[in-house]
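Chemist: Just dropping this structure here.
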Amino acid sequence: MAKKITLLGSTGSIGTQSLDVVRAEGYEVFGLSAHSQVDLLVRQIEEFHPQVVCMTSPDAADRLDAALAGRAGAPRLLRGPEGLRELAALDGPDVVLNSVVGIAGLGASLSAIESGHDLALANKESLVTGGHLVTQAVERCGVKLLPVDSEHSAIFQCLQDTESAKSLTKILLTASGGPFFGMTTDQLRGKTKADALRHPNWNMGAKITIDSATLMNKGLELIEAVWLFGLPPEKIQIVVQRQSIIHSAVQFSDNSVIAQLGVPDMRIPIQYALTWPRRGGPVAPELDFAALKVLTFDVADEETFRCLAACKKAIAKGGLGPCAANGANEEAVKLFLEDKIGFLDIGRLVEAVVDSDRFGGSYTLADVYECDRMARAFVHSHL
Ligand code: NDP
Ligand code: MG
């Protein structure tokens, strides 16, 4: 029987590539969600015939409602963040793939897990902001958390031999370095939105592309890796691999290193999360080693790229530290994309929020949202 999936954030970069995988694997779609792109969601409904859809932005939901009016076989329409959580919880899919961007994905991740669904997770912000709640829920509900982020998928793939996995001593988390690799603080000062949106290897949504330029993305991924694989941050080494061919590696007790390689194409990790433990057919081109010729390795510059340093401080503080860093970053990136702050302000603001409090201890979901609100307010009061 074909697998059925619910895809949250279906109109985004990961969402549309996930639908390429659904097409290639002949899967069925149970539910789809989008935030603002009505026309694209209508085209996806026409192609994939979901039973339920959710539009999170209220006016887009009204427009979608009007567009679907009178259509035979139109899906049930849910609205808003509550609708997204309801969609994530509905019985029907074999797996829920969460590719919403930002902390807006957290509630749906928890809702999917608590309803007993396996969760394929692209929304790294779920683990960064509420890692404690998400991992506890996974344990309590006995579901599988399948990483979609390419580095974490690589690590997950390298750990499939469960006997070796017991001897894991180190994770080598690779980073492309982004468009500004090797630049000094002075060179970064004048960087514009257009410069930062030009990623050398990956074609992604705007927020994560800016996060790649500031190295915030690697900081978020370090936190994500701590939650997914249970190693402390000092056992996770960030390695700059400019070509984005080695997607990450693991080291075992005998110092043997195993890596996962492939072309930089998110459809490969998306597919693995959906087909696991099986492997599907080719959805992306094969790696041409003869054309590639060289792989290079470098060290990430945390002195210049303050977001990475701030994320490390945030994990060391524990508790809601990562949530505060994430909230400040989401708000700062929004302001940068609106041309209201400079590139270096992002790192300054994220670091300042992390330095502003102790954040330690356990937390509830309400605490997470309060911390996020506080971090965003902090950004506005420190412009
Ligand atoms: P995009 O911005 O391309 O897509 C985001 C999706 O989320 C869209 O469907 C969007 O709807 C929806 N969305 C936006 N805001 C909200 C909201 N407030 N509530 C609910 N849904 C919302 O992002 P990406 O696909 O690039 O990234 C998605 C996630 O995957 C992020 O967490 C990112 O870090 C992670 N990721 C992405 C990678 C990539 O290559 N793109 C690689 C690894 C991880 P609409 O478009 O209709 O407004
Ligand atoms: Mg990644």
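So you can find residues: chains in the structure tokens are A, B, ... in the order shown, residues in each start at 1, and ligands are numbered from 1 in order.
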Please give me, as a PyMOL selection string, the residues lying within 12 Å of ligand 2 when counting only C-alpha atoms and all ligand atoms.

Modeler: chain A and resi 14+121-125+147-155+173-178+201-204+208-209+211-212+215-225+244+246-248+264-266+269-270

Chemist: So that I can check the secondary structure, give me every residue of stretch 71-290 of chain A assigned strand (DSSP E) by backbone DSSP, as a PyMOL selection string.

Modeler: chain A and resi 76-79+95-98+118-121+145-147+168-175+236-240+246-252+257-261

Chemist: Got a sec to tell me which of stretch 149-251 of chain A DSSP assigns to alpha helix (DSSP H), as a VMD selection string?

Modeler: chain A and resid 150 to 158 162 to 165 185 to 189 193 to 196 206 to 214 216 to 229

Chemist: What separation in Å, quoted to one decimal, exists between atom CA of A:Val38 and atom CA of A:Arg63?

Modeler: 7.0 Å

Chemist: Taking 5 positions as the minimum chain separation for residues in the same chain, which residues sit within 6 Å of stretch 194-200 of chain A when counting only C-alpha atoms? Answer as a VMD selection string.

Modeler: chain A and resid 179 209 to 210 213

Chemist: Would you write out those residues with N, CA and C atoms, as a PDB file, in the first residue's frame?

Modeler:
```
ATOM      1  N   PRO A 179      27.652  32.366   1.691  1.00  0.00           N
ATOM      2  CA  PRO A 179      28.201  33.265   0.652  1.00  0.00           C
ATOM      3  C   PRO A 179      29.330  34.160   1.171  1.00  0.00           C
ATOM      4  N   THR A 209      18.255  30.978   4.192  1.00  0.00           N
ATOM      5  CA  THR A 209      19.377  31.466   3.377  1.00  0.00           C
ATOM      6  C   THR A 209      20.129  32.560   4.132  1.00  0.00           C
ATOM      7  N   ILE A 210      19.396  33.439   4.813  1.00  0.00           N
ATOM      8  CA  ILE A 210      20.064  34.455   5.647  1.00  0.00           C
ATOM      9  C   ILE A 210      20.779  33.755   6.811  1.00  0.00           C
ATOM     10  N   ALA A 213      24.050  32.600   5.747  1.00  0.00           N
ATOM     11  CA  ALA A 213      25.035  33.676   5.569  1.00  0.00           C
ATOM     12  C   ALA A 213      25.606  34.133   6.911  1.00  0.00           C
TER      13      ALA A 213
END
```

Chemist: Which of these residues is nearest to A:Lys144, using only C-alpha atoms: A:Ile171, A:Thr6, A:Gly182, A:Val95?

Modeler: A:Val95

Chemist: Tell me which of A:Gly318, A:Gly130, A:Pro277, A:Gly360 sits closest to A:Ala104, counting only C-alpha atoms.

Modeler: A:Gly130

Chemist: Have a look at A:Leu41, A:Ile245, A:Val128, A:Leu146 and name the one nearest to A:Lys293; count only C-alpha atoms.

Modeler: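 Closest residue, counting only C-alpha atoms: A:Ile245.
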
Chemist: Can you measure atom CA of A:Ser115 to atom CA of A:Glu370 for me? One decimal in Å is fine.

Modeler: 24.6 Å

Chemist: Excluding same-chain residues fewer than 4 positions from A:Leu172, what lies within 6 Å of it counting only C-alpha atoms, as a CSV table (one decimal) with all heavy atoms, in the first residue's frame?

Modeler:
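Output file out29.csv is given in full below:
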```
chain,number,residue,atom,x,y,z
A,236,ILE,N,30.7,17.7,19.1
A,236,ILE,CA,30.2,18.0,17.8
A,236,ILE,C,31.1,19.1,17.2
A,236,ILE,O,31.0,20.2,17.6
A,236,ILE,CB,28.7,18.4,17.8
A,236,ILE,CG1,27.8,17.4,18.5
A,236,ILE,CG2,28.2,18.7,16.4
A,236,ILE,CD1,26.4,17.7,18.7
A,237,GLN,N,31.8,18.7,16.2
A,237,GLN,CA,32.8,19.6,15.6
A,237,GLN,C,32.2,20.1,14.3
A,237,GLN,O,31.8,19.3,13.4
A,237,GLN,CB,34.1,18.8,15.3
A,237,GLN,CG,35.2,19.7,14.7
A,237,GLN,CD,36.5,18.9,14.4
A,237,GLN,OE1,36.7,17.8,14.9
A,237,GLN,NE2,37.3,19.5,13.5
A,238,ILE,N,32.3,21.4,14.1
A,238,ILE,CA,31.8,22.0,12.8
A,238,ILE,C,32.9,22.1,11.9
A,238,ILE,O,34.0,22.6,12.2
A,238,ILE,CB,31.2,23.4,13.1
A,238,ILE,CG1,29.9,23.2,14.0
A,238,ILE,CG2,30.8,24.1,11.8
A,238,ILE,CD1,29.3,24.5,14.6
A,248,SER,N,27.7,15.4,6.3
A,248,SER,CA,28.2,15.3,7.7
A,248,SER,C,28.8,13.9,7.9
A,248,SER,O,28.7,13.0,6.9
A,248,SER,CB,27.1,15.5,8.7
A,248,SER,OG,26.9,16.9,8.9
A,249,ALA,N,29.4,13.7,9.0
A,249,ALA,CA,30.1,12.4,9.3
A,249,ALA,C,30.1,12.1,10.8
A,249,ALA,O,29.8,13.0,11.6
A,249,ALA,CB,31.6,12.5,8.8
A,250,VAL,N,30.4,10.8,11.1
A,250,VAL,CA,30.4,10.4,12.5
A,250,VAL,C,31.7,9.7,12.7
A,250,VAL,O,32.3,9.1,11.8
A,250,VAL,CB,29.2,9.5,12.9
A,250,VAL,CG1,27.9,10.2,12.7
A,250,VAL,CG2,29.3,8.2,12.1
```

Chemist: Within 7 Å of stretch 320-328 of chain A, counting only C-alpha atoms, which residues qualify if same-chain residues fewer than 2 places away don't, as an NGL selection string?

Modeler: :A and (128-129 or 311 or 314-315 or 317-318 or 330-332 or 349-350 or 353-354 or 359-360 or 368 or 371-372 or 375-376 or 379)

Chemist: Take the residues from that selection and put them in a file with N, CA and C atoms, as a PDB file, in the first residue's frame.

Modeler:
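again-v6.pdb, written as the output of this step:
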```
ATOM      1  N   VAL A 128      15.052  23.426  18.409  1.00  0.00           N
ATOM      2  CA  VAL A 128      15.844  24.495  19.013  1.00  0.00           C
ATOM      3  C   VAL A 128      15.062  25.182  20.126  1.00  0.00           C
ATOM      4  N   THR A 129      13.786  25.441  19.885  1.00  0.00           N
ATOM      5  CA  THR A 129      12.999  26.188  20.880  1.00  0.00           C
ATOM      6  C   THR A 129      12.429  25.279  21.961  1.00  0.00           C
ATOM      7  N   CYS A 311      24.995  30.887  19.644  1.00  0.00           N
ATOM      8  CA  CYS A 311      24.288  29.606  19.804  1.00  0.00           C
ATOM      9  C   CYS A 311      25.047  28.683  20.748  1.00  0.00           C
ATOM     10  N   ALA A 314      24.336  29.807  24.100  1.00  0.00           N
ATOM     11  CA  ALA A 314      22.941  29.505  24.435  1.00  0.00           C
ATOM     12  C   ALA A 314      22.792  28.050  24.878  1.00  0.00           C
ATOM     13  N   ILE A 315      23.493  27.137  24.204  1.00  0.00           N
ATOM     14  CA  ILE A 315      23.385  25.720  24.625  1.00  0.00           C
ATOM     15  C   ILE A 315      24.040  25.561  25.984  1.00  0.00           C
ATOM     16  N   LYS A 317      24.190  27.684  28.340  1.00  0.00           N
ATOM     17  CA  LYS A 317      23.271  28.201  29.371  1.00  0.00           C
ATOM     18  C   LYS A 317      22.137  27.220  29.625  1.00  0.00           C
ATOM     19  N   GLY A 318      21.752  26.488  28.613  1.00  0.00           N
ATOM     20  CA  GLY A 318      20.709  25.469  28.747  1.00  0.00           C
ATOM     21  C   GLY A 318      19.320  26.072  28.812  1.00  0.00           C
ATOM     22  N   GLU A 330      14.905  35.157  14.587  1.00  0.00           N
ATOM     23  CA  GLU A 330      13.750  35.245  13.670  1.00  0.00           C
ATOM     24  C   GLU A 330      13.342  36.706  13.483  1.00  0.00           C
ATOM     25  N   GLU A 331      13.325  37.458  14.588  1.00  0.00           N
ATOM     26  CA  GLU A 331      12.905  38.854  14.499  1.00  0.00           C
ATOM     27  C   GLU A 331      13.960  39.681  13.748  1.00  0.00           C
ATOM     28  N   ALA A 332      15.236  39.430  14.050  1.00  0.00           N
ATOM     29  CA  ALA A 332      16.309  40.204  13.397  1.00  0.00           C
ATOM     30  C   ALA A 332      16.350  39.904  11.897  1.00  0.00           C
ATOM     31  N   LEU A 349      22.446  41.298  17.910  1.00  0.00           N
ATOM     32  CA  LEU A 349      21.189  41.167  18.660  1.00  0.00           C
ATOM     33  C   LEU A 349      21.019  39.767  19.251  1.00  0.00           C
ATOM     34  N   VAL A 350      21.385  38.750  18.482  1.00  0.00           N
ATOM     35  CA  VAL A 350      21.240  37.370  18.973  1.00  0.00           C
ATOM     36  C   VAL A 350      22.168  37.165  20.174  1.00  0.00           C
ATOM     37  N   VAL A 353      20.861  39.047  23.347  1.00  0.00           N
ATOM     38  CA  VAL A 353      19.748  38.411  24.062  1.00  0.00           C
ATOM     39  C   VAL A 353      20.259  37.215  24.873  1.00  0.00           C
ATOM     40  N   VAL A 354      21.180  36.470  24.310  1.00  0.00           N
ATOM     41  CA  VAL A 354      21.722  35.306  25.037  1.00  0.00           C
ATOM     42  C   VAL A 354      22.483  35.771  26.281  1.00  0.00           C
ATOM     43  N   PHE A 359      18.458  31.842  31.785  1.00  0.00           N
ATOM     44  CA  PHE A 359      17.635  30.917  30.996  1.00  0.00           C
ATOM     45  C   PHE A 359      17.585  29.476  31.479  1.00  0.00           C
ATOM     46  N   GLY A 360      18.299  29.141  32.552  1.00  0.00           N
ATOM     47  CA  GLY A 360      18.446  27.724  32.913  1.00  0.00           C
ATOM     48  C   GLY A 360      17.155  27.057  33.345  1.00  0.00           C
ATOM     49  N   VAL A 368       8.068  28.560  26.690  1.00  0.00           N
ATOM     50  CA  VAL A 368       8.745  28.696  25.396  1.00  0.00           C
ATOM     51  C   VAL A 368       8.173  29.901  24.646  1.00  0.00           C
ATOM     52  N   CYS A 371       9.189  33.151  26.301  1.00  0.00           N
ATOM     53  CA  CYS A 371      10.606  33.460  26.045  1.00  0.00           C
ATOM     54  C   CYS A 371      10.775  33.991  24.613  1.00  0.00           C
ATOM     55  N   ASP A 372      10.074  33.386  23.682  1.00  0.00           N
ATOM     56  CA  ASP A 372      10.133  33.842  22.285  1.00  0.00           C
ATOM     57  C   ASP A 372       9.638  35.292  22.176  1.00  0.00           C
ATOM     58  N   ALA A 375      12.231  37.610  23.666  1.00  0.00           N
ATOM     59  CA  ALA A 375      13.421  37.779  22.811  1.00  0.00           C
ATOM     60  C   ALA A 375      13.122  38.733  21.652  1.00  0.00           C
ATOM     61  N   ARG A 376      11.915  38.632  21.091  1.00  0.00           N
ATOM     62  CA  ARG A 376      11.545  39.532  19.979  1.00  0.00           C
ATOM     63  C   ARG A 376      11.424  40.973  20.488  1.00  0.00           C
ATOM     64  N   VAL A 379      14.836  42.511  20.942  1.00  0.00           N
ATOM     65  CA  VAL A 379      15.413  42.977  19.667  1.00  0.00           C
ATOM     66  C   VAL A 379      14.927  44.399  19.369  1.00  0.00           C
TER      67      VAL A 379
END
```

Chemist: Which value, in Å to one decimal, gives the distance between atom CA of A:Gly281 and atom CA of A:Gly262?

Modeler: 14.1 Å

Chemist: Determine, counting only C-alpha atoms, which protein, DNA and RNA residues have an atom within 12 Å of an atom of A:Arg278; residues of the same chain fewer than 5 positions away are not included. Present the result as JSON, numbers by chain.

Modeler: {"A": [25, 157, 160, 271, 272, 273]}

Chemist: Which one is closest to ligand 1: A:Val100, A:Ala88, A:Val42, A:Leu383? Count only C-alpha atoms and all ligand atoms.

Modeler: A:Val100
